[in-house]
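**Student:** Contents of structure02.csv (CSV, C-alpha atoms):
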```csv
chain,number,residue,atom,x,y,z
A,15,MET,CA,37.1,-37.3,78.8
A,16,THR,CA,39.2,-40.4,78.1
A,17,THR,CA,42.9,-40.1,79.1
A,18,THR,CA,45.2,-40.9,76.2
A,19,LEU,CA,47.9,-43.5,76.6
A,20,MET,CA,50.5,-40.8,75.9
A,21,ARG,CA,49.3,-38.8,78.9
A,22,ALA,CA,49.3,-41.9,81.1
A,23,GLU,CA,52.8,-42.8,80.0
A,24,VAL,CA,54.1,-39.3,80.5
A,25,ASP,CA,52.7,-39.4,84.0
A,26,GLU,CA,54.5,-42.7,84.6
A,27,ALA,CA,57.9,-41.3,83.8
A,28,PRO,CA,59.0,-40.4,87.4
A,29,ALA,CA,58.2,-43.9,88.5
A,30,ALA,CA,60.0,-45.3,85.5
A,31,VAL,CA,63.1,-43.3,86.4
A,32,ARG,CA,62.9,-44.6,90.0
A,33,ARG,CA,62.8,-48.2,88.7
A,34,LEU,CA,65.8,-47.5,86.4
A,35,LEU,CA,67.9,-46.1,89.2
A,36,ASP,CA,67.0,-48.9,91.5
A,37,GLN,CA,66.8,-52.0,89.4
A,38,SER,CA,69.4,-51.2,86.8
A,39,ARG,CA,72.0,-49.8,89.3
A,40,ASP,CA,74.4,-52.7,88.9
A,41,ALA,CA,74.3,-52.5,85.1
A,42,ILE,CA,74.9,-48.7,85.2
A,43,THR,CA,77.8,-49.3,87.6
A,44,GLU,CA,79.3,-51.9,85.3
A,45,ALA,CA,79.0,-49.6,82.2
A,46,GLY,CA,80.6,-46.7,84.0
A,47,ALA,CA,83.5,-48.9,85.3
A,48,ARG,CA,84.0,-50.3,81.8
A,49,LEU,CA,84.4,-46.8,80.4
A,50,ARG,CA,86.7,-45.8,83.2
A,51,THR,CA,88.9,-48.8,82.5
A,52,LEU,CA,88.7,-48.3,78.7
A,53,ASP,CA,89.4,-44.6,78.8
A,54,PRO,CA,88.0,-44.2,75.2
A,55,LYS,CA,89.3,-41.5,73.0
A,56,VAL,CA,86.0,-41.4,71.1
A,57,ILE,CA,82.5,-42.8,71.7
A,58,VAL,CA,80.0,-43.5,68.9
A,59,THR,CA,76.3,-43.7,69.2
A,60,VAL,CA,73.7,-45.8,67.3
A,61,ALA,CA,70.0,-44.9,67.4
A,62,ARG,CA,67.0,-43.6,65.4
A,63,GLY,CA,64.1,-41.4,66.2
A,64,SER,CA,63.6,-40.4,69.8
A,65,SER,CA,66.4,-42.7,70.8
A,66,ASP,CA,68.7,-40.7,68.6
A,67,HIS,CA,67.7,-37.5,70.4
A,68,ALA,CA,68.5,-39.3,73.7
A,69,SER,CA,71.9,-40.0,72.1
A,70,ALA,CA,72.3,-36.4,71.2
A,71,PHE,CA,71.7,-35.5,74.8
A,72,PHE,CA,74.5,-38.0,75.8
A,73,LYS,CA,76.8,-36.4,73.2
A,74,TYR,CA,76.5,-33.0,74.7
A,75,ALA,CA,76.7,-34.2,78.2
A,76,CYS,CA,79.7,-36.4,77.5
A,77,GLU,CA,81.6,-33.8,75.6
A,78,ILE,CA,80.9,-31.1,78.3
A,79,LEU,CA,81.8,-33.3,81.2
A,80,THR,CA,84.7,-35.3,79.8
A,81,GLY,CA,86.0,-33.7,76.7
A,82,VAL,CA,85.7,-37.0,74.9
A,83,PRO,CA,84.1,-36.5,71.4
A,84,VAL,CA,80.9,-38.4,70.6
A,85,ALA,CA,79.8,-39.1,67.0
A,86,SER,CA,76.5,-40.5,65.8
A,87,LEU,CA,77.0,-43.3,63.3
A,88,GLY,CA,74.6,-43.7,60.4
A,89,PRO,CA,73.3,-47.3,60.7
A,90,SER,CA,73.1,-47.7,56.9
A,91,ILE,CA,77.0,-47.6,56.8
A,92,ALA,CA,76.9,-51.2,58.1
A,93,SER,CA,73.4,-52.4,57.0
A,94,ILE,CA,73.4,-51.1,53.4
A,95,TYR,CA,76.9,-50.1,52.5
A,96,LYS,CA,78.7,-52.9,54.4
A,97,THR,CA,81.6,-50.8,55.3
A,98,PRO,CA,84.0,-52.2,57.9
A,99,LEU,CA,84.5,-49.9,60.9
A,100,HIS,CA,87.8,-49.0,62.6
A,101,LEU,CA,87.1,-48.4,66.3
A,102,PRO,CA,89.9,-49.9,68.4
A,103,GLY,CA,89.8,-48.5,71.9
A,104,ALA,CA,86.4,-46.8,71.3
A,105,ALA,CA,83.0,-47.4,72.8
A,106,VAL,CA,79.6,-47.7,71.1
A,107,LEU,CA,76.4,-46.7,72.9
A,108,ALA,CA,73.3,-48.1,71.2
A,109,THR,CA,69.9,-46.9,72.4
A,110,SER,CA,66.5,-48.3,71.4
A,111,GLN,CA,63.1,-48.8,72.8
A,112,SER,CA,62.5,-52.2,71.0
A,113,GLY,CA,66.1,-53.2,70.4
A,114,LYS,CA,65.2,-55.2,67.2
A,115,SER,CA,65.7,-53.0,64.2
A,116,PRO,CA,68.0,-54.8,61.7
A,117,ASP,CA,70.1,-51.7,60.9
A,118,LEU,CA,70.9,-51.0,64.5
A,119,LEU,CA,71.8,-54.6,65.1
A,120,ALA,CA,74.1,-54.5,62.0
A,121,MET,CA,75.8,-51.3,63.1
A,122,VAL,CA,76.5,-52.6,66.7
A,123,GLU,CA,77.9,-55.8,65.3
A,124,ALA,CA,80.1,-53.9,62.9
A,125,ALA,CA,81.3,-51.6,65.7
A,126,LYS,CA,82.2,-54.6,67.9
A,127,GLN,CA,84.0,-56.2,65.0
A,128,GLY,CA,85.9,-52.9,64.5
A,129,GLY,CA,87.2,-53.1,68.1
A,130,ALA,CA,84.6,-51.1,70.1
A,131,ALA,CA,83.3,-52.0,73.5
A,132,SER,CA,79.5,-52.0,73.3
A,133,ILE,CA,76.8,-50.7,75.7
A,134,ALA,CA,73.0,-51.0,75.0
A,135,LEU,CA,70.2,-49.1,76.5
A,136,VAL,CA,67.0,-51.0,75.7
A,137,ASN,CA,63.5,-51.1,77.2
A,138,VAL,CA,62.5,-54.5,75.9
A,139,GLU,CA,64.6,-56.8,78.0
A,140,ASP,CA,64.6,-59.9,75.7
A,141,ALA,CA,65.4,-57.8,72.6
A,142,PRO,CA,68.2,-59.0,70.2
A,143,LEU,CA,70.2,-55.8,70.9
A,144,ALA,CA,70.2,-56.5,74.6
A,145,SER,CA,72.0,-59.8,74.1
A,146,LEU,CA,74.3,-58.5,71.4
A,147,ALA,CA,75.9,-55.8,73.5
A,148,ASP,CA,78.8,-56.4,75.9
A,149,ILE,CA,76.8,-54.5,78.6
A,150,PHE,CA,73.0,-54.2,78.7
A,151,VAL,CA,71.3,-51.5,80.7
A,152,PRO,CA,67.5,-52.2,81.0
A,153,LEU,CA,65.6,-49.0,80.8
A,154,ARG,CA,62.8,-50.2,83.1
A,155,ALA,CA,60.2,-47.9,81.5
A,156,GLY,CA,57.7,-50.7,81.4
A,157,PRO,CA,55.3,-51.4,78.5
A,158,GLU,CA,54.8,-48.3,76.3
A,159,LYS,CA,51.7,-48.7,74.2
A,160,SER,CA,51.4,-45.2,72.7
A,161,VAL,CA,53.3,-44.9,69.5
A,162,ALA,CA,54.8,-41.7,70.8
A,163,SER,CA,57.8,-42.7,73.0
A,164,THR,CA,57.9,-40.6,76.1
A,165,LYS,CA,58.8,-42.4,79.3
A,166,SER,CA,61.3,-44.6,77.4
A,167,TYR,CA,63.0,-41.4,76.1
A,168,ILE,CA,63.2,-40.0,79.6
A,169,THR,CA,64.8,-43.2,81.0
A,170,SER,CA,67.2,-43.4,78.0
A,171,VAL,CA,68.5,-39.9,78.8
A,172,VAL,CA,68.7,-40.6,82.5
A,173,ALA,CA,70.5,-43.9,81.9
A,174,GLY,CA,73.1,-42.3,79.7
A,175,LEU,CA,73.7,-39.5,82.1
A,176,ALA,CA,73.9,-42.0,85.0
A,177,ILE,CA,76.6,-43.9,83.2
A,178,LEU,CA,78.6,-40.7,82.7
A,179,ALA,CA,78.3,-39.9,86.3
A,180,GLU,CA,79.5,-43.3,87.3
A,181,TRP,CA,82.4,-43.2,84.8
A,182,ARG,CA,83.6,-39.9,86.0
A,183,GLN,CA,82.7,-40.6,89.7
A,184,ASP,CA,80.9,-37.2,89.6
A,185,LYS,CA,79.3,-37.0,93.1
A,186,ALA,CA,77.3,-33.8,92.4
A,187,LEU,CA,75.8,-35.3,89.3
A,188,GLN,CA,75.1,-38.6,91.0
A,189,ALA,CA,73.3,-36.8,93.8
A,190,ALA,CA,71.2,-34.8,91.3
A,191,ILE,CA,70.3,-38.0,89.4
A,192,ALA,CA,69.3,-39.7,92.6
A,193,ALA,CA,67.0,-36.8,93.5
A,194,LEU,CA,65.6,-36.5,90.0
A,195,PRO,CA,62.4,-38.7,90.3
A,196,ASP,CA,61.0,-36.2,92.9
A,197,LYS,CA,61.9,-33.3,90.7
A,198,LEU,CA,60.1,-35.0,87.8
A,199,ASP,CA,56.9,-35.2,89.9
A,200,ALA,CA,57.1,-31.5,90.1
A,201,ALA,CA,57.7,-31.1,86.4
A,202,LEU,CA,54.4,-32.8,85.7
A,203,GLU,CA,52.6,-29.9,87.5
A,204,CYS,CA,54.2,-27.2,85.3
A,205,ASP,CA,51.4,-25.4,83.4
A,206,TRP,CA,52.3,-24.5,79.9
A,207,SER,CA,48.7,-23.6,78.8
A,208,GLU,CA,49.7,-20.0,78.0
A,209,ALA,CA,51.4,-21.4,74.8
A,210,ARG,CA,48.6,-23.8,73.9
A,211,ASP,CA,46.3,-21.7,71.7
A,212,THR,CA,49.2,-20.2,69.7
A,213,VAL,CA,50.8,-23.6,69.1
A,214,VAL,CA,47.4,-25.3,68.3
A,215,ALA,CA,46.7,-22.6,65.7
A,216,ALA,CA,50.2,-22.7,64.2
A,217,SER,CA,51.1,-24.2,60.8
A,218,SER,CA,54.9,-24.2,61.5
A,219,LEU,CA,57.2,-23.4,64.4
A,220,TYR,CA,60.8,-23.6,65.6
A,221,THR,CA,62.1,-25.2,68.8
A,222,LEU,CA,65.4,-23.8,70.1
A,223,GLY,CA,68.1,-24.8,72.5
A,224,ARG,CA,71.8,-25.2,72.9
A,225,GLY,CA,73.8,-28.0,74.3
A,226,PRO,CA,71.6,-30.5,76.1
A,227,GLY,CA,68.8,-28.1,75.6
A,228,PHE,CA,69.1,-28.5,71.9
A,229,ALA,CA,68.7,-32.2,72.3
A,230,ILE,CA,65.4,-31.5,74.0
A,231,ALA,CA,64.4,-29.1,71.3
A,232,GLN,CA,65.0,-31.9,68.7
A,233,GLU,CA,62.8,-34.3,70.6
A,234,ALA,CA,60.1,-31.6,71.0
A,235,ALA,CA,60.0,-30.9,67.3
A,236,LEU,CA,59.7,-34.6,66.5
A,237,LYS,CA,56.8,-35.0,69.0
A,238,LEU,CA,54.9,-32.1,67.5
A,239,LYS,CA,55.3,-33.5,64.1
A,240,GLU,CA,54.2,-37.0,64.9
A,241,THR,CA,51.4,-36.4,67.5
A,242,SER,CA,50.0,-33.0,66.3
A,243,ILE,CA,50.8,-33.2,62.6
A,244,LEU,CA,52.4,-29.8,63.1
A,245,HIS,CA,55.5,-28.8,61.1
A,246,ALA,CA,58.2,-28.1,63.6
A,247,GLU,CA,62.0,-27.8,63.2
A,248,ALA,CA,64.7,-27.7,65.9
A,249,TYR,CA,67.6,-25.3,65.7
A,250,SER,CA,70.5,-24.4,67.8
A,251,GLY,CA,70.0,-20.9,69.1
A,252,ALA,CA,73.3,-20.1,67.3
A,253,GLU,CA,72.4,-21.9,64.1
A,254,LEU,CA,69.1,-20.0,63.8
A,255,GLN,CA,71.0,-16.9,62.9
A,256,HIS,CA,72.6,-18.5,59.9
A,257,GLY,CA,69.5,-18.3,57.6
A,258,PRO,CA,66.4,-19.9,59.3
A,259,VAL,CA,65.6,-16.8,61.3
A,260,SER,CA,64.4,-15.2,58.0
A,261,LEU,CA,61.2,-17.2,58.3
A,262,VAL,CA,60.3,-15.8,61.7
A,263,ASP,CA,57.6,-13.2,62.1
A,264,GLU,CA,54.6,-12.6,64.4
A,265,ASN,CA,52.8,-15.6,62.8
A,266,PHE,CA,55.7,-18.0,63.2
A,267,PRO,CA,56.0,-19.0,66.9
A,268,LEU,CA,59.0,-20.4,68.7
A,269,ILE,CA,59.5,-22.5,71.8
A,270,ALA,CA,62.9,-22.0,73.5
A,271,PHE,CA,64.3,-24.4,76.0
A,272,ILE,CA,66.8,-22.7,78.4
A,273,PRO,CA,68.1,-24.8,81.3
A,274,ASP,CA,70.3,-23.2,83.9
A,275,ASP,CA,73.7,-23.8,82.2
A,276,ALA,CA,76.5,-22.0,80.6
A,277,ALA,CA,74.6,-21.5,77.3
A,278,ALA,CA,71.7,-19.7,79.1
A,279,PRO,CA,73.1,-16.1,78.6
A,280,SER,CA,73.5,-16.6,74.8
A,281,MET,CA,70.0,-18.2,74.5
A,282,ILE,CA,68.5,-15.4,76.5
A,283,ALA,CA,70.1,-12.9,74.1
A,284,ASN,CA,68.6,-14.9,71.2
A,285,VAL,CA,65.2,-14.8,72.7
A,286,SER,CA,65.5,-11.1,73.4
A,287,ALA,CA,66.5,-10.4,69.8
A,288,LEU,CA,63.6,-12.4,68.5
A,289,HIS,CA,61.2,-10.7,70.8
A,290,ALA,CA,62.5,-7.3,69.7
A,291,ARG,CA,61.6,-8.1,66.1
A,292,GLY,CA,58.0,-9.0,67.0
A,293,ALA,CA,58.4,-12.8,67.2
A,294,LYS,CA,56.1,-14.9,69.5
A,295,VAL,CA,58.6,-16.8,71.6
A,296,PHE,CA,57.6,-19.0,74.5
A,297,THR,CA,60.5,-19.8,76.7
A,298,ALA,CA,60.8,-22.7,79.1
A,299,THR,CA,63.2,-21.5,81.7
A,300,ALA,CA,63.7,-20.4,85.3
A,301,ALA,CA,65.5,-17.3,84.1
A,302,THR,CA,64.1,-13.8,83.4
A,303,VAL,CA,63.3,-13.4,79.7
A,304,PRO,CA,61.2,-11.1,77.6
A,305,GLY,CA,57.8,-12.5,76.4
A,306,PRO,CA,55.9,-15.5,77.8
A,307,ARG,CA,57.8,-17.7,80.2
A,308,LEU,CA,56.8,-21.3,80.6
A,309,PRO,CA,57.3,-22.6,84.2
A,310,VAL,CA,59.9,-25.3,84.8
A,311,ALA,CA,60.9,-27.5,87.8
A,312,PRO,CA,64.6,-26.8,88.6
A,313,THR,CA,66.6,-29.9,89.6
A,314,GLY,CA,69.7,-28.2,91.1
A,315,HIS,CA,72.1,-29.4,88.3
A,316,ALA,CA,72.7,-28.1,84.8
A,317,MET,CA,72.7,-31.6,83.3
A,318,THR,CA,69.4,-32.7,84.9
A,319,ASP,CA,67.4,-29.5,84.3
A,320,PRO,CA,66.8,-30.3,80.6
A,321,ILE,CA,65.2,-33.7,81.6
A,322,SER,CA,62.7,-32.0,83.8
A,323,ILE,CA,61.9,-29.5,81.0
A,324,ALA,CA,61.4,-32.3,78.5
A,325,LEU,CA,58.8,-34.0,80.8
A,326,SER,CA,56.9,-30.7,81.2
A,327,PHE,CA,56.9,-30.4,77.4
A,328,TYR,CA,55.5,-33.9,76.9
A,329,ARG,CA,52.5,-33.0,79.0
A,330,PHE,CA,52.0,-29.9,76.9
A,331,ALA,CA,52.5,-31.8,73.6
A,332,GLU,CA,49.7,-34.2,74.5
A,333,THR,CA,47.3,-31.4,75.1
A,334,VAL,CA,48.2,-29.7,71.8
A,335,ALA,CA,47.6,-32.9,69.8
A,336,VAL,CA,44.2,-33.5,71.4
A,337,ALA,CA,43.2,-29.8,70.9
A,338,ARG,CA,44.2,-30.1,67.2
A,339,GLY,CA,41.9,-33.1,66.9
A,340,TYR,CA,44.5,-35.9,66.7
A,341,ASN,CA,45.0,-39.1,68.6
A,342,PRO,CA,48.6,-38.9,69.9
A,343,ASP,CA,48.6,-42.6,70.6
A,344,LYS,CA,48.1,-43.5,66.9
A,345,PRO,CA,49.9,-41.0,64.7
A,346,ARG,CA,49.0,-41.5,61.0
A,347,GLY,CA,51.4,-43.6,59.1
A,348,LEU,CA,53.4,-44.7,62.1
A,349,ASN,CA,53.8,-47.9,64.0
A,350,LYS,CA,55.1,-48.5,67.5
A,351,VAL,CA,58.1,-50.6,66.4
A,352,THR,CA,59.9,-49.3,63.3
A,353,GLU,CA,62.3,-51.8,61.7
A,354,THR,CA,64.6,-50.3,59.0
A,355,VAL,CA,67.4,-51.9,57.1
```
Give the structure from this file in structure tokens form.

**Tutor:**
Amino acid sequence: MTTTLMRAEVDEAPAAVRRLLDQSRDAITEAGARLRTLDPKVIVTVARGSSDHASAFFKYACEILTGVPVASLGPSIASIYKTPLHLPGAAVLATSQSGKSPDLLAMVEAAKQGGAASIALVNVEDAPLASLADIFVPLRAGPEKSVASTKSYITSVVAGLAILAEWRQDKALQAAIAALPDKLDAALECDWSEARDTVVAASSLYTLGRGPGFAIAQEAALKLKETSILHAEAYSGAELQHGPVSLVDENFPLIAFIPDDAAAPSMIANVSALHARGAKVFTATAATVPGPRLPVAPTGHAMTDPISIALSFYRFAETVAVARGYNPDKPRGLNKVTETV
């Protein structure tokens, strides 16, 4: 059987993180020092697709660790609506695999003109976005040929988290990030096959999480859509109760992402309630939960646990796509580089 590019690139993620932490260390240190000096009262993010989900992870991590609010800017505000921004004393974090979409470039330029310091996380090192930003952090994921971004997503999340750790001089988080590549090796060995037949046969499903786990749930739903042509929607474990739970029955499966953090008890309660009503819930966690539990590779820190779970999910998603008869490297209607205005 031929190995897909997606599978090969998922398997390369631990090595990509090692390169990032080694070869982009100076840029990460510079970005953290810039934020420490700036002491921003707000940070805004600019991204689309999987990069936007990496930004969502940064949002939760930043707000939890620093109390500084983070808002996602709609790129069309600059590229289409031409609205001047007012961001004195703020920072803008732009994340992109290719770093060349016109709307992202327009938004970063507008943010800079509005007074924001700019940091770019980009995989393609000669991209326009890399030269536009005040500080450029190369993601070091290497060439990514599958349309489905995987290793570049993982390095985007790690880069943002490493900048936060440097900014706050958080020794425990820095140590967890340094140890992460070995933990990601273990994440690749986690076997989620118990969920495969149910997900392969599904027509729709929900992915659930809270905090950084919700950012992973968002990325998981996107990957199932684009690689398996499977309708999947991500919800906060809390938001699910405000209407969407009405769709859930024994034929509507869910995948819950529960890292070992402060949101775990509430998520376990959500999963227990869903299980009690007959729902088929597969839970990626080290905790004890009702129903099928998908194995995870703990990392020793609440902020890095979701990254490990995300990599285990990617391995699983590739198997689902192939089992459903799709080529995850070439999702229908999609290109590797998407340029929007």

**Student:** Give me the residues within 8 Å of stretch 320-326 of chain A as a list in words, counting only C-alpha atoms and dropping any in the same chain fewer than 4 places off.

**Tutor:**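 What passes the distance filter is Val24, Ala27, Ile168, Val171, Val172, Lys197, Leu198, Ala201, Leu202, Glu203, Cys204, Asp205, Trp206, Pro226, Gly227, Ile230, Ala234, Phe271, Ile272, Pro273, Ala298, Val310, Ala311, Pro312, Thr313, Ala316 and Phe330 of chain A.
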
**Student:** Would you mind listing, for every residue of stretch 144-226 of chain A within 12 Å of stretch 55-60 of chain A, the two atoms forming the shortest contact and the distance between them in Å to one decimal, using only C-alpha atoms, sorted by chain and ascending residue number, as JSON lines?

**Tutor:**
```
{"residue": "A:Ala147", "atom": "CA", "partner": "A:Val60", "partner_atom": "CA", "distance": 12.0}
{"residue": "A:Gly174", "atom": "CA", "partner": "A:Thr59", "partner_atom": "CA", "distance": 11.1}
{"residue": "A:Leu178", "atom": "CA", "partner": "A:Ile57", "partner_atom": "CA", "distance": 11.9}
```

**Student:** Need the neighbours of (87.5, -49.8, 70.2): which residues are at most 9 Å away, counting only C-alpha atoms, as a PyMOL selection string?

**Tutor:** chain A and resi 52+54-57+100-106+125-132

**Student:** For A:Thr169, which of A:Ala331, A:Leu187, A:Val136, A:Val82 is the closest residue, counting all atoms listed in the file?

**Tutor:**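 Smallest distance to A:Thr169 is found for A:Val136.
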
**Student:** In Å, how far is it from atom CA of A:Met317 to atom CA of A:Met20?

**Tutor:** 25.1 Å

**Student:** Quick one: distance from atom CA of A:Thr221 to atom CA of A:Ser160 in Å, one decimal?

**Tutor:** 23.0 Å

**Student:** Take stretch 158-168 of chain A, model all heavy atoms, and hand the result over as a PDB file, in the coordinates of the input.

**Tutor:**
```
ATOM      1  N   GLU A 158      55.202 -49.638  76.832  1.00  0.00           N
ATOM      2  CA  GLU A 158      54.800 -48.300  76.300  1.00  0.00           C
ATOM      3  C   GLU A 158      53.952 -48.585  75.083  1.00  0.00           C
ATOM      4  O   GLU A 158      54.406 -49.022  74.026  1.00  0.00           O
ATOM      5  CB  GLU A 158      56.114 -47.559  75.886  1.00  0.00           C
ATOM      6  CG  GLU A 158      55.872 -46.082  75.707  1.00  0.00           C
ATOM      7  CD  GLU A 158      57.171 -45.308  75.537  1.00  0.00           C
ATOM      8  OE1 GLU A 158      57.989 -45.700  74.686  1.00  0.00           O
ATOM      9  OE2 GLU A 158      57.368 -44.322  76.250  1.00  0.00           O
ATOM     10  N   LYS A 159      52.661 -48.322  75.253  1.00  0.00           N
ATOM     11  CA  LYS A 159      51.700 -48.700  74.200  1.00  0.00           C
ATOM     12  C   LYS A 159      51.391 -47.558  73.245  1.00  0.00           C
ATOM     13  O   LYS A 159      50.999 -47.816  72.109  1.00  0.00           O
ATOM     14  CB  LYS A 159      50.378 -49.127  74.912  1.00  0.00           C
ATOM     15  CG  LYS A 159      50.547 -50.380  75.774  1.00  0.00           C
ATOM     16  CD  LYS A 159      49.253 -50.774  76.452  1.00  0.00           C
ATOM     17  CE  LYS A 159      49.448 -52.004  77.326  1.00  0.00           C
ATOM     18  NZ  LYS A 159      48.183 -52.387  78.026  1.00  0.00           N
ATOM     19  N   SER A 160      51.545 -46.325  73.674  1.00  0.00           N
ATOM     20  CA  SER A 160      51.400 -45.200  72.700  1.00  0.00           C
ATOM     21  C   SER A 160      52.522 -45.260  71.720  1.00  0.00           C
ATOM     22  O   SER A 160      53.665 -45.574  72.065  1.00  0.00           O
ATOM     23  CB  SER A 160      51.417 -43.885  73.489  1.00  0.00           C
ATOM     24  OG  SER A 160      51.342 -42.809  72.587  1.00  0.00           O
ATOM     25  N   VAL A 161      52.209 -44.945  70.473  1.00  0.00           N
ATOM     26  CA  VAL A 161      53.300 -44.900  69.500  1.00  0.00           C
ATOM     27  C   VAL A 161      54.315 -43.881  69.802  1.00  0.00           C
ATOM     28  O   VAL A 161      55.510 -44.085  69.572  1.00  0.00           O
ATOM     29  CB  VAL A 161      52.638 -44.630  68.062  1.00  0.00           C
ATOM     30  CG1 VAL A 161      53.719 -44.328  67.029  1.00  0.00           C
ATOM     31  CG2 VAL A 161      51.813 -45.835  67.603  1.00  0.00           C
ATOM     32  N   ALA A 162      53.902 -42.779  70.394  1.00  0.00           N
ATOM     33  CA  ALA A 162      54.800 -41.700  70.800  1.00  0.00           C
ATOM     34  C   ALA A 162      55.645 -42.136  72.003  1.00  0.00           C
ATOM     35  O   ALA A 162      55.094 -42.304  73.084  1.00  0.00           O
ATOM     36  CB  ALA A 162      54.076 -40.429  71.049  1.00  0.00           C
ATOM     37  N   SER A 163      56.937 -42.310  71.831  1.00  0.00           N
ATOM     38  CA  SER A 163      57.800 -42.700  73.000  1.00  0.00           C
ATOM     39  C   SER A 163      57.973 -41.468  73.883  1.00  0.00           C
ATOM     40  O   SER A 163      58.304 -40.378  73.432  1.00  0.00           O
ATOM     41  CB  SER A 163      59.170 -43.126  72.452  1.00  0.00           C
ATOM     42  OG  SER A 163      59.054 -44.301  71.697  1.00  0.00           O
ATOM     43  N   THR A 164      57.742 -41.677  75.157  1.00  0.00           N
ATOM     44  CA  THR A 164      57.900 -40.600  76.100  1.00  0.00           C
ATOM     45  C   THR A 164      58.702 -41.082  77.339  1.00  0.00           C
ATOM     46  O   THR A 164      59.843 -40.708  77.520  1.00  0.00           O
ATOM     47  CB  THR A 164      56.528 -40.049  76.577  1.00  0.00           C
ATOM     48  OG1 THR A 164      55.705 -41.138  77.039  1.00  0.00           O
ATOM     49  CG2 THR A 164      55.831 -39.332  75.437  1.00  0.00           C
ATOM     50  N   LYS A 165      58.111 -41.968  78.114  1.00  0.00           N
ATOM     51  CA  LYS A 165      58.800 -42.400  79.300  1.00  0.00           C
ATOM     52  C   LYS A 165      60.082 -43.202  78.949  1.00  0.00           C
ATOM     53  O   LYS A 165      61.072 -43.155  79.688  1.00  0.00           O
ATOM     54  CB  LYS A 165      57.914 -43.245  80.223  1.00  0.00           C
ATOM     55  CG  LYS A 165      57.327 -44.500  79.608  1.00  0.00           C
ATOM     56  CD  LYS A 165      56.454 -45.249  80.608  1.00  0.00           C
ATOM     57  CE  LYS A 165      55.841 -46.492  79.984  1.00  0.00           C
ATOM     58  NZ  LYS A 165      55.136 -47.332  80.971  1.00  0.00           N
ATOM     59  N   SER A 166      60.109 -43.887  77.801  1.00  0.00           N
ATOM     60  CA  SER A 166      61.300 -44.600  77.400  1.00  0.00           C
ATOM     61  C   SER A 166      62.408 -43.605  76.967  1.00  0.00           C
ATOM     62  O   SER A 166      63.601 -43.863  77.162  1.00  0.00           O
ATOM     63  CB  SER A 166      61.042 -45.605  76.290  1.00  0.00           C
ATOM     64  OG  SER A 166      60.606 -44.976  75.107  1.00  0.00           O
ATOM     65  N   TYR A 167      62.001 -42.454  76.400  1.00  0.00           N
ATOM     66  CA  TYR A 167      63.000 -41.400  76.100  1.00  0.00           C
ATOM     67  C   TYR A 167      63.590 -40.847  77.357  1.00  0.00           C
ATOM     68  O   TYR A 167      64.820 -40.700  77.461  1.00  0.00           O
ATOM     69  CB  TYR A 167      62.312 -40.289  75.280  1.00  0.00           C
ATOM     70  CG  TYR A 167      63.202 -39.082  75.107  1.00  0.00           C
ATOM     71  CD1 TYR A 167      64.189 -39.051  74.136  1.00  0.00           C
ATOM     72  CD2 TYR A 167      63.077 -37.976  75.945  1.00  0.00           C
ATOM     73  CE1 TYR A 167      65.028 -37.950  73.984  1.00  0.00           C
ATOM     74  CE2 TYR A 167      63.909 -36.869  75.800  1.00  0.00           C
ATOM     75  CZ  TYR A 167      64.877 -36.872  74.814  1.00  0.00           C
ATOM     76  OH  TYR A 167      65.709 -35.783  74.690  1.00  0.00           O
ATOM     77  N   ILE A 168      62.747 -40.533  78.318  1.00  0.00           N
ATOM     78  CA  ILE A 168      63.200 -40.000  79.600  1.00  0.00           C
ATOM     79  C   ILE A 168      64.210 -40.945  80.249  1.00  0.00           C
ATOM     80  O   ILE A 168      65.293 -40.550  80.700  1.00  0.00           O
ATOM     81  CB  ILE A 168      62.072 -39.640  80.523  1.00  0.00           C
ATOM     82  CG1 ILE A 168      61.186 -38.537  79.929  1.00  0.00           C
ATOM     83  CG2 ILE A 168      62.596 -39.246  81.899  1.00  0.00           C
ATOM     84  CD1 ILE A 168      61.823 -37.177  79.843  1.00  0.00           C
TER      85      ILE A 168
END
```
